[in-house]
Amino acid sequence: MDGTTLTVCAYTLGCKVNVYDTEKMMEQFKLAGFAKVPETERGADVYVVNTCSVTAMADKKSRQAIRRAKRENPQAVIVVCGCFAQLSPQQALDIGADLVIGRDDKERAAELTLEFIGERRPRDYAPVAEEAQKDLAPAQKDLAPAQEDLAPGDRTRAYVKIQDGCDNYCAYCVIPYARGRARSRPISGIVDEVRGLAERGYKEIVLTGIHVASYGKDLSDGDLQTLLPLAAGVDGIERVRFSSVEPLLITEEFCETLSRLPNICDHFHLSLQSGCDATLTRMRRRYNTSQYREAVERLREAYPDAGITTDIIVGFPGETDEEFEQSRSFAQSMDFLKIHVFPFSPKKGTAAALMPQRVIDGVKKARADRLLRLSESLGLAFKTKYIGKHLKVLFEDEVTPGVFAGYSTNYINVRACSPVCDPRGRIGIARPTDVFTNYVKADILRL
Ligand code: SF4
């Protein structure tokens with residue numbers, strides 16, 4: 001650090017809320033005078049690692065990312081935040097972090113980093129895990145509205161965090177301990193942020209949160225059904241998605257609200273976790289398979305082309321072969337567009353970590369493989385239905401010269417040639433011609 005402009009880069013693991021949080025931190029760094037550089041470019045003065053702790057694998061990847069950041073950028077100040085850092089701050093410091101930033105200090109990340117650079121000594125702003133479990137008071141301050149004058153990225157789709165935290169305490173999940181209680185951003189702040197994004201040319205917003213369904217429970221001036229028409233009604237916003245929804249949120253009234261809004265995308269990520277009621281009860285999920293099925297039916301009634309994606313855990317403690325079969329066959333009957341499969345990994349501090357009847361790794365792997373094969377075949381079947389039909393696609397990336405990719409409203413990844421004009425940032429009509437595991441090939445009919 002030689003007195004010239006300081007540079008900062010970031011590496012993000014985990015969910016869309018983390019992506020959003022990283023973008024907001026980068027805005028702070030820019031306002032503080034830092035220049036943002038790509039994470040792949042060595043030599044940044046500050047390297048932010050925003051970690052995840054949702055599974056044992058996420059912990060491992062978080063540790064690897066911290067070690068790699070330190071190894072490849074020995075001169076940089078390594079700033080670590082996110083769920084892994086919140087739950088294991090000392091470990092983060094031991095393996096390479098210079099500064100750990102806790103969940104309530106993320107909005108001061110740049111300020112704390114500058115203080116650190118001034119003093120140059122290891123510090124830890126995160127409460128230790130045990131304290132985090134006790135201290136679950138709502139922390140409105142980390143939900144401050146976004147900076148109005150900076151775009152949170154250079155993409156056509158922007159994430160908008162509407163809430164953080166979760167009160168559900170599913171038996172396997174460590175997130176409520178890391179993120180704290182569910183707390184909602186005020187409606188006015190969210191709508192202002194969406195307006196700002198529309199002014200900067202964003203066409204699609206993704207309403208994001210740790211537990212979107214609990215949005216508004218701590219507000220006096222409305223809930224998700226109040227927020228949606230206001231956010232979706234902002235001029236210039238052509239598409240609105242949810243990062244995820246919950247089965248119990250999908251009431252008839254909720255579907256009616258959605259149906260009145262022409263720009264809600266017909267893609268819904270509806271976490272299932274298991275298609276077996278006994279397993280769901282042990283997981284402490286708050287719905288059963290009939291309620292889940294009802295939610296899917298309601299969504300498909302309102303949106304006949306709805307692409308429904310989900311998460312399923314395999315090998316939860318006590319999951320017998322029979323329970324897994326029930327789960328698999330329920331998933332098959334849901335015609336998902338995609339299943340994200342997670343082999344169970346015990347997380348210290350959760351109820352499931354103490355449960356008996358652990359499923360051995362080989363069985364978990366075999367179950368995961370079967371579900372992944374099911375996901376692939378369901379996805380292919382779903383996409384095949386659109387051969388020769390028309391999909392509305394927002395093009396975002398150029399994957400190879402002249403070939404552009406984007407998502408349809410129902411979340412089919414579409415790739416199409418456009419040798420003459422660059423369709424990025426535009427919504428076009430595309431006609432699928434061929435189906436592949438991860439995308440469909442299509443012709444652009446018009447832009
Ligand atoms: S709903 Fe359950 S799985 Fe989702 S964040 Fe909350 S505790 Fe975790």
# chains A, B, ... in the order shown; residues from 1 in each chain; ligands from 1
$ residues_around --residues "range 369-378 of chain A" --least-positions-apart "6" --cutoff "10 Å" --atoms "only C-alpha atoms" --output "list in words"
Thr309, Thr310, Ile312, Ile313, Val314, Phe324, Ser327, Arg328, Ser329, Ala331, Gln332, Ser333, Met334, Asp335, Phe336, Leu337, Lys338, Ile339, His340, Val341, Phe342, Pro343, Val363, Thr384, Phe436, Thr437 and Asn438 of chain A
$ residues_near_ligand --ligand "ligand 1" --cutoff "9 Å" --atoms "only C-alpha atoms and all ligand atoms" --output "list of chain:residue names"
A:Val54, A:Gly165, A:Cys166, A:Asp167, A:Asn168, A:Tyr169, A:Cys170, A:Ala171, A:Tyr172, A:Cys173, A:Val174, A:Ile175, A:Pro176, A:Tyr177, A:Arg179, A:Ala182, A:Ile210, A:His211, A:Glu246, A:Ser271, A:Gln273, A:Met283, A:Arg284, A:Arg285, A:Arg286
$ residues_around --residues "range 6-21 of chain A" --least-positions-apart "4" --cutoff "6 Å" --atoms "only C-alpha atoms" --output "ChimeraX atom specification"
/A:34-39,44-52,209
$ select_by_dssp --residues "range 250-322 of chain A" --states "helix (DSSP H, G or I)" --output "PyMOL selection string"
chain A and resi 252-259+277-283+289-302+321-322
$ atom_distance --atom1 "CA of Arg181 in chain A" --atom2 "CA of Thr281 in chain A"
22.0 Å
$ atom_distance --atom1 "CA of Gln291 in chain A" --atom2 "CA of Glu323 in chain A"
18.0 Å
$ closest_residue --among "A:Arg282, A:Lys217, A:Arg415, A:Arg241" --to "Ser184 in chain A" --atoms "only C-alpha atoms"
A:Lys217
$ closest_residue --among "A:Arg298, A:Lys60, A:Arg239, A:Arg367" --to "Lys392 in chain A" --atoms "only C-alpha atoms"
A:Arg239
$ select_by_dssp --residues "range 194-319 of chain A" --states "strand (DSSP E)" --output "MDAnalysis selection string"
chainID A and resid 204:208 239:242 267:269 307:314
$ residues_around --residues "Tyr407 in chain A" --least-positions-apart "6" --cutoff "9 Å" --atoms "only C-alpha atoms" --output "PDB file with C-alpha atoms, in the first residue's frame"
ATOM      1  CA  LYS A 392     -39.199 -15.036 -23.800  1.00  0.00           C
ATOM      2  CA  VAL A 393     -35.513 -14.787 -23.001  1.00  0.00           C
ATOM      3  CA  LEU A 394     -33.469 -12.081 -21.326  1.00  0.00           C
ATOM      4  CA  PHE A 395     -29.990 -12.442 -22.820  1.00  0.00           C
ATOM      5  CA  GLU A 396     -27.175 -11.926 -20.357  1.00  0.00           C
ATOM      6  CA  ASN A 413     -31.221 -21.672 -19.963  1.00  0.00           C
ATOM      7  CA  VAL A 414     -31.331 -20.750 -23.644  1.00  0.00           C
ATOM      8  CA  ARG A 415     -28.378 -20.401 -26.011  1.00  0.00           C
TER       9      ARG A 415
END
$ decode --residues "range 35-97 of chain A" --atoms "C-alpha atoms" --output "compact mmCIF listing (two decimals), in the first residue's frame"
# COMPACT_ATOMS: atom_id res chain seq x y z
CA ALA A 35 -10.87 0.63 -7.03
CA LYS A 36 -12.51 -2.74 -7.64
CA VAL A 37 -10.39 -5.31 -9.47
CA PRO A 38 -11.30 -8.82 -10.65
CA GLU A 39 -10.77 -11.57 -8.12
CA THR A 40 -8.60 -13.42 -10.64
CA GLU A 41 -6.15 -10.51 -10.78
CA ARG A 42 -3.41 -10.97 -8.20
CA GLY A 43 -2.14 -8.08 -6.13
CA ALA A 44 -5.28 -6.42 -4.73
CA ASP A 45 -4.71 -4.53 -1.48
CA VAL A 46 -7.87 -5.95 0.09
CA TYR A 47 -9.35 -9.37 -0.62
CA VAL A 48 -12.86 -10.00 0.72
CA VAL A 49 -14.02 -13.60 1.16
CA ASN A 50 -17.76 -13.87 1.84
CA THR A 51 -18.17 -17.38 3.24
CA CYS A 52 -20.95 -19.94 3.55
CA SER A 53 -21.63 -22.61 6.16
CA VAL A 54 -24.77 -24.30 4.92
CA THR A 55 -23.12 -27.74 4.61
CA ALA A 56 -19.85 -29.35 5.67
CA MET A 57 -18.76 -28.96 2.04
CA ALA A 58 -19.51 -25.21 2.20
CA ASP A 59 -17.35 -24.95 5.32
CA LYS A 60 -14.56 -26.78 3.53
CA LYS A 61 -14.81 -24.55 0.46
CA SER A 62 -14.85 -21.46 2.68
CA ARG A 63 -11.68 -22.59 4.44
CA GLN A 64 -10.05 -23.36 1.08
CA ALA A 65 -11.02 -19.92 -0.27
CA ILE A 66 -9.50 -18.14 2.75
CA ARG A 67 -6.28 -20.16 2.51
CA ARG A 68 -6.05 -19.61 -1.25
CA ALA A 69 -6.67 -15.87 -0.89
CA LYS A 70 -3.84 -15.62 1.65
CA ARG A 71 -1.48 -17.83 -0.33
CA GLU A 72 -1.99 -16.06 -3.64
CA ASN A 73 -2.16 -12.54 -2.18
CA PRO A 74 0.28 -12.52 0.73
CA GLN A 75 0.46 -8.73 0.69
CA ALA A 76 -3.32 -8.23 0.83
CA VAL A 77 -5.51 -7.64 3.85
CA ILE A 78 -7.78 -10.70 3.89
CA VAL A 79 -11.23 -9.67 5.09
CA VAL A 80 -13.57 -12.57 5.86
CA CYS A 81 -17.30 -12.39 6.54
CA GLY A 82 -20.42 -14.52 6.00
CA CYS A 83 -21.82 -17.55 7.80
CA PHE A 84 -18.63 -19.61 8.19
CA ALA A 85 -16.79 -16.59 9.60
CA GLN A 86 -19.72 -15.78 11.90
CA LEU A 87 -19.77 -19.27 13.37
CA SER A 88 -16.01 -19.96 13.41
CA PRO A 89 -14.24 -16.59 13.61
CA GLN A 90 -11.14 -17.92 15.34
CA GLN A 91 -10.72 -20.65 12.76
CA ALA A 92 -10.98 -18.03 10.00
CA LEU A 93 -8.24 -15.98 11.68
CA ASP A 94 -6.08 -19.06 12.22
CA ILE A 95 -6.09 -20.01 8.55
CA GLY A 96 -5.39 -16.63 6.99
CA ALA A 97 -8.02 -13.98 7.71
